[in-house]
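S.K.: Take a look at protein12.cif, mmCIF, C-alpha atoms:
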```cif
data_structure
loop_
_atom_site.label_atom_id
_atom_site.label_comp_id
_atom_site.auth_asym_id
_atom_site.auth_seq_id
_atom_site.Cartn_x
_atom_site.Cartn_y
_atom_site.Cartn_z
CA MET A 13 0.00 0.00 0.00
CA ASN A 14 1.13 3.52 -0.66
CA ASP A 15 0.89 6.33 1.88
CA GLY A 16 -2.45 7.50 0.49
CA ARG A 17 -4.01 4.05 0.78
CA ASN A 18 -2.62 3.66 4.31
CA GLU A 19 -4.12 6.99 5.33
CA LEU A 20 -7.48 6.02 3.83
CA PHE A 21 -7.39 2.67 5.63
CA PHE A 22 -6.78 4.25 9.04
CA GLU A 23 -9.44 6.92 8.47
CA ILE A 24 -11.99 4.21 7.65
CA GLN A 25 -10.94 2.33 10.79
CA GLU A 26 -11.56 5.46 12.86
CA LEU A 27 -15.01 5.86 11.32
CA ASP A 28 -15.85 2.30 12.31
CA ARG A 29 -14.67 2.97 15.87
CA LYS A 30 -16.97 6.00 16.02
CA ARG A 31 -19.87 3.98 14.65
CA ILE A 32 -19.35 1.15 17.15
CA ALA A 33 -19.13 3.64 20.03
CA ARG A 34 -22.33 5.30 18.78
CA ASP A 35 -24.14 1.95 18.49
CA LEU A 36 -23.11 0.84 21.96
CA HIS A 37 -24.12 4.17 23.47
CA ASP A 38 -27.47 4.37 21.68
CA THR A 39 -28.51 0.80 22.47
CA SER A 40 -26.63 -1.44 24.87
CA LEU A 41 -25.32 1.07 27.43
CA GLN A 42 -28.60 2.96 27.72
CA HIS A 43 -30.55 -0.27 28.06
CA LEU A 44 -28.19 -1.60 30.70
CA SER A 45 -28.63 1.58 32.74
CA HIS A 46 -32.38 1.07 32.53
CA LEU A 47 -32.04 -2.56 33.67
CA ILE A 48 -30.17 -1.51 36.81
CA HIS A 49 -33.24 0.45 37.88
CA LYS A 50 -35.49 -2.51 37.09
CA LEU A 51 -33.41 -4.82 39.25
CA GLU A 52 -33.45 -2.29 42.08
CA LEU A 53 -37.24 -2.16 41.75
CA ALA A 54 -37.43 -5.97 41.80
CA SER A 55 -35.38 -5.97 45.01
CA ILE A 56 -37.84 -3.56 46.63
CA TYR A 57 -40.80 -5.70 45.53
CA MET A 58 -39.15 -8.80 46.99
CA ASP A 59 -39.90 -7.69 50.54
CA HIS A 60 -43.56 -6.91 49.87
CA ASP A 61 -44.81 -8.71 46.76
CA MET A 62 -42.89 -11.75 45.55
CA ILE A 63 -45.05 -12.19 42.44
CA LYS A 64 -44.32 -8.63 41.28
CA SER A 65 -40.65 -9.17 41.98
CA LYS A 66 -40.56 -12.37 39.90
CA LEU A 67 -42.38 -10.66 37.00
CA GLU A 68 -39.91 -7.77 37.08
CA ILE A 69 -36.96 -10.17 37.08
CA ALA A 70 -38.46 -12.18 34.20
CA SER A 71 -38.90 -8.96 32.20
CA THR A 72 -35.32 -7.98 32.96
CA VAL A 73 -33.97 -11.35 31.79
CA LYS A 74 -35.83 -10.91 28.50
CA GLU A 75 -34.30 -7.48 28.00
CA ILE A 76 -30.81 -8.79 28.85
CA ASN A 77 -31.18 -11.40 26.11
CA ALA A 78 -32.13 -8.61 23.67
CA ILE A 79 -29.02 -6.64 24.68
CA ILE A 80 -26.86 -9.72 24.12
CA GLU A 81 -28.28 -9.91 20.60
CA GLU A 82 -27.55 -6.21 20.05
CA ILE A 83 -23.93 -6.70 21.10
CA ARG A 84 -23.66 -9.72 18.79
CA MET A 85 -24.85 -7.51 15.93
CA VAL A 86 -22.23 -4.88 16.76
CA ILE A 87 -19.54 -7.58 16.69
CA TYR A 88 -20.97 -8.96 13.43
CA ASP A 89 -20.91 -5.47 11.92
CA LEU A 90 -17.13 -5.24 12.43
CA ARG A 91 -17.08 -7.23 9.24
CA PRO A 92 -20.09 -9.24 8.06
CA MET A 93 -18.84 -12.80 7.66
CA VAL A 94 -21.27 -13.35 4.80
CA PHE A 95 -19.58 -10.52 2.88
CA ASP A 96 -16.71 -12.77 1.79
CA ASP A 97 -19.06 -15.61 0.81
CA LEU A 98 -21.98 -13.74 -0.74
CA GLY A 99 -20.43 -10.57 -2.15
CA LEU A 100 -21.73 -7.01 -2.03
CA LYS A 101 -25.13 -7.45 -3.70
CA ASN A 102 -26.30 -10.43 -1.68
CA THR A 103 -24.98 -8.98 1.59
CA ILE A 104 -27.07 -5.83 1.02
CA ILE A 105 -30.10 -7.94 0.13
CA ARG A 106 -29.64 -9.97 3.31
CA LEU A 107 -29.51 -6.73 5.32
CA LEU A 108 -32.75 -5.54 3.69
CA ASP A 109 -34.41 -8.92 4.30
CA SER A 110 -33.50 -8.56 7.97
CA VAL A 111 -35.14 -5.11 8.00
CA LYS A 112 -38.32 -6.56 6.49
CA GLU A 113 -38.41 -9.29 9.12
CA ASN A 114 -37.76 -7.08 12.15
CA VAL A 115 -39.16 -3.62 11.32
CA ASP A 116 -42.71 -2.68 10.34
CA ILE A 117 -41.73 -1.11 7.04
CA LEU A 118 -42.33 -1.93 3.37
CA VAL A 119 -38.97 -2.33 1.62
CA GLU A 120 -38.47 -1.93 -2.13
CA PHE A 121 -35.01 -2.33 -3.67
CA ASP A 122 -33.06 -2.61 -6.91
CA ILE A 123 -29.45 -3.69 -6.35
CA ASP A 124 -26.98 -4.02 -9.23
CA ASN A 125 -24.21 -6.60 -9.07
CA ILE A 126 -21.10 -4.39 -8.93
CA VAL A 127 -17.96 -6.36 -9.77
CA SER A 128 -15.67 -3.54 -10.93
CA CYS A 129 -14.51 -2.40 -7.48
CA ASN A 130 -11.89 -3.64 -5.07
CA GLU A 131 -12.66 -5.23 -1.70
CA SER A 132 -12.19 -2.12 0.45
CA THR A 133 -14.42 -0.05 -1.84
CA ALA A 134 -17.12 -2.73 -1.86
CA LEU A 135 -17.08 -2.79 1.94
CA GLY A 136 -17.19 1.03 1.95
CA ILE A 137 -20.29 0.98 -0.26
CA PHE A 138 -21.92 -1.55 2.05
CA ARG A 139 -21.15 0.60 5.11
CA ILE A 140 -22.66 3.68 3.45
CA MET A 141 -25.85 1.80 2.60
CA GLN A 142 -25.95 0.19 6.03
CA GLU A 143 -25.64 3.58 7.74
CA CYS A 144 -28.49 4.99 5.61
CA ILE A 145 -30.77 2.01 6.23
CA VAL A 146 -30.09 1.85 9.97
CA ASN A 147 -30.80 5.58 10.33
CA VAL A 148 -34.15 5.10 8.59
CA CYS A 149 -35.09 2.23 10.90
CA ARG A 150 -34.03 4.09 14.04
CA HIS A 151 -35.31 7.59 13.44
CA SER A 152 -37.67 8.01 10.49
CA LYS A 153 -40.85 6.16 11.59
CA ALA A 154 -41.26 5.45 7.88
CA LYS A 155 -43.75 3.01 6.38
CA HIS A 156 -41.94 2.70 3.05
CA LEU A 157 -38.23 2.42 2.25
CA LYS A 158 -36.78 2.40 -1.27
CA VAL A 159 -33.13 1.44 -1.81
CA LEU A 160 -31.20 1.55 -5.10
CA LEU A 161 -27.59 0.66 -5.92
CA LYS A 162 -26.86 1.35 -9.59
CA ASP A 163 -23.70 0.62 -11.57
CA TYR A 164 -23.05 3.12 -14.37
CA THR A 165 -20.12 3.42 -16.78
CA ASP A 166 -18.16 6.03 -14.84
CA HIS A 167 -19.81 6.08 -11.42
CA ILE A 168 -21.87 4.23 -8.83
CA GLU A 169 -25.06 5.69 -7.36
CA ILE A 170 -26.85 4.96 -4.10
CA HIS A 171 -30.40 6.13 -3.42
CA VAL A 172 -32.14 5.62 -0.08
CA ASP A 173 -35.62 7.20 0.15
CA ASP A 174 -38.17 6.97 2.95
CA ASP A 175 -41.62 8.45 3.67
CA GLY A 176 -40.93 9.09 7.35
CA ILE A 177 -41.26 12.12 9.62
CA GLY A 178 -38.34 14.01 8.06
CA PHE A 179 -36.04 16.44 9.86
CA ASN A 180 -34.21 19.74 9.60
CA LEU A 181 -30.77 18.91 8.24
CA ASP A 182 -28.86 21.75 9.93
CA GLU A 183 -30.43 21.07 13.31
CA ALA A 184 -29.99 17.31 12.98
CA LYS A 185 -26.21 17.61 12.55
CA LYS A 186 -26.01 19.35 15.91
CA LYS A 187 -27.80 16.53 17.73
CA GLU A 188 -26.07 13.42 19.00
CA ARG A 189 -28.80 11.14 17.73
CA HIS A 190 -27.86 12.05 14.16
CA PHE A 191 -24.16 11.37 14.68
CA GLY A 192 -24.65 8.64 12.08
CA LEU A 193 -25.34 11.29 9.47
CA LEU A 194 -21.95 12.88 10.08
CA ILE A 195 -20.23 9.48 9.84
CA LEU A 196 -22.07 8.87 6.57
CA GLU A 197 -20.80 12.13 5.10
CA GLU A 198 -17.25 11.30 6.18
CA ARG A 199 -17.44 7.87 4.54
CA VAL A 200 -18.58 9.35 1.24
CA LYS A 201 -15.87 12.00 1.39
CA LEU A 202 -13.19 9.36 1.96
CA MET A 203 -14.30 7.68 -1.27
CA SER A 204 -14.07 11.03 -3.13
CA GLY A 205 -17.82 10.87 -3.58
CA LYS A 206 -20.64 13.34 -3.21
CA ILE A 207 -23.76 13.09 -1.07
CA LYS A 208 -27.04 15.00 -1.19
CA VAL A 209 -29.51 14.74 1.67
CA SER A 210 -32.94 16.34 1.37
CA SER A 211 -35.64 16.04 4.01
CA THR A 212 -39.09 17.53 4.53
CA PHE A 213 -41.12 17.34 7.72
CA GLY A 214 -43.93 14.85 7.27
CA LYS A 215 -42.78 13.77 3.81
CA GLY A 216 -39.59 11.84 4.45
CA THR A 217 -35.94 11.89 3.51
CA LYS A 218 -33.98 11.25 0.30
CA ILE A 219 -30.28 10.40 0.26
CA HIS A 220 -28.33 10.33 -3.00
CA VAL A 221 -24.68 9.24 -3.06
CA PHE A 222 -22.40 9.53 -6.11
CA ILE A 223 -19.10 7.59 -6.12
CA PRO A 224 -16.70 8.06 -9.07
CA LYS A 225 -15.71 4.77 -10.61
CA VAL A 226 -12.13 5.79 -11.38
CA LEU A 227 -11.40 5.25 -7.67
CA THR A 228 -13.24 1.95 -7.35
CA LYS A 229 -11.42 -0.28 -9.84
CA HIS A 230 -9.14 -3.14 -8.94
CA GLU A 231 -5.54 -2.10 -8.53
#
```
Please rewrite the model in this file as structure tokens.
M.R.:
Amino acid sequence: MNDGRNELFFEIQELDRKRIARDLHDTSLQHLSHLIHKLELASIYMDHDMIKSKLEIASTVKEINAIIEEIRMVIYDLRPMVFDDLGLKNTIIRLLDSVKENVDILVEFDIDNIVSCNESTALGIFRIMQECIVNVCRHSKAKHLKVLLKDYTDHIEIHVDDDGIGFNLDEAKKKERHFGLLILEERVKLMSGKIKVSSTFGKGTKIHVFIPKVLTKHE
């Protein structure tokens, strides 16, 4: 690797560290803090109402199992093991199938089979799409999600559109809950791409990413 590729590699690593920290903070750590209070409540019930205490403990155990699954997903996201076996297209489709199974949202997609990019670029494209899709599931309250990955002669395009609640872009960047949006912009920038985000309250959000193909070919 040359110095430029090394620098890009370490910058992408730092983005992944930020994303993992964000995911752990938004899900597992907050939920664990909540469970401490539930266990304290169960302890109080134990002296006065054993049935209530047992119900509270049973509820807590269920939530702990959910947190374990969340942590497993964070570990999995370090590098999806299916990525090596299935390739970019099928890994994205598997992600979208998971959304359809676990989130009350209608998913429509058109994913091209992109074979003209190297491994790091393919993983970068997946991370960009993953960040977009996860943000929709977490924040948009959308009923319909449309995802496109198109392979053109000189560039690759990503479109992620939803019909959710929308948001003010300038205000969102100042809020911690939209830290994922900043990471997304950094990822696109690292790939010398361009991103356009448009959002309207009550009408949803559209994300368009343009990645030049000259930087995606095998070396």
S.K.: Given the file shown, enumerate the residues that the PyMOL selection byres ((chain A and resi 46-51) around 9) captures and present them as a list in words.
M.R.: Leu41, Gln42, His43, Leu44, Ser45, Glu52, Leu53, Ala54, Ser55, Ile56, Ser65, Glu68, Ile69, Ser71, Thr72, Glu75 and Ile76 of chain A
S.K.: With all atoms listed in the file as the atoms that count, which of A:Leu108, A:Ile126, A:Met141, A:Ile80 lies nearest to Lys225 of chain A?
M.R.: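 Comparing A:Leu108, A:Ile126, A:Met141, A:Ile80 against Lys225 of chain A, the winner is A:Ile126.
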S.K.: How big is the axis-aligned box, and where does its centre sit, when it encloses all atoms of segment 218-225 of chain A listed in the file and has 4 Å added on every side, reported in Å to one decimal as lines of an AutoDock Vina configuration file?
M.R.:
```
center_x = -24.8
center_y = 8.0
center_z = -5.2
size_x = 26.3
size_y = 14.5
size_z = 18.9
```
S.K.: Run through the PyMOL selection byres ((chain A and resi 224) around 12) on the given coordinates and return the selected residues as a list of chain:residue names.
M.R.: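 That expression, the PyMOL selection byres ((chain A and resi 224) around 12), corresponds here to A:Ser128, A:Cys129, A:Thr133, A:Ile137, A:Asp163, A:Tyr164, A:Thr165, A:Asp166, A:His167, A:Ile168, A:Glu169, A:Ile170, A:Val200, A:Lys201, A:Leu202, A:Met203, A:Ser204, A:Gly205, A:Lys206, A:Ile207, A:Val221, A:Phe222, A:Ile223, A:Lys225, A:Val226, A:Leu227, A:Thr228, A:Lys229.
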S.K.: Which residues are near Asp124 of chain A? Cut-off 8 Å, all atoms listed in the file, ignore same chain within fewer than 4 positions. Put them as a list in words.
M.R.: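 Close residues of Asp124 of chain A: Lys101, Leu161, Lys162 and Asp163 of chain A.
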S.K.: Nearest residue to Glu197 of chain A out of A:Ile63, A:Ile140, A:Leu160, A:Leu107, using all atoms listed in the file?
M.R.: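 Once distances to Glu197 of chain A are computed over all atoms listed in the file, the minimum belongs to A:Ile140.
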S.K.: At what distance in Å, to one decimal, does atom CA of Glu143 of chain A lie from atom CA of Arg199 of chain A?
M.R.: 9.8 Å
S.K.: Residues near Gly216 of chain A, anyone? I mean within 7 Å using all atoms listed in the file, not counting same-chain ones fewer than 3 positions away, as number ranges by chain.
M.R.: A: 174-178, 211-213
S.K.: Would you please work out which residue, of A:His151, A:Ala70, A:Asp59, A:Leu100, is nearest to Ser132 of chain A when using only C-alpha atoms?
M.R.: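 Using only C-alpha atoms, the shortest distance to Ser132 of chain A belongs to A:Leu100.
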S.K.: What's the separation between atom CA of His156 of chain A and atom CA of Leu118 of chain A, in Å to one decimal place?
M.R.: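 Rounded to one decimal, the two atoms are 4.7 Å apart.
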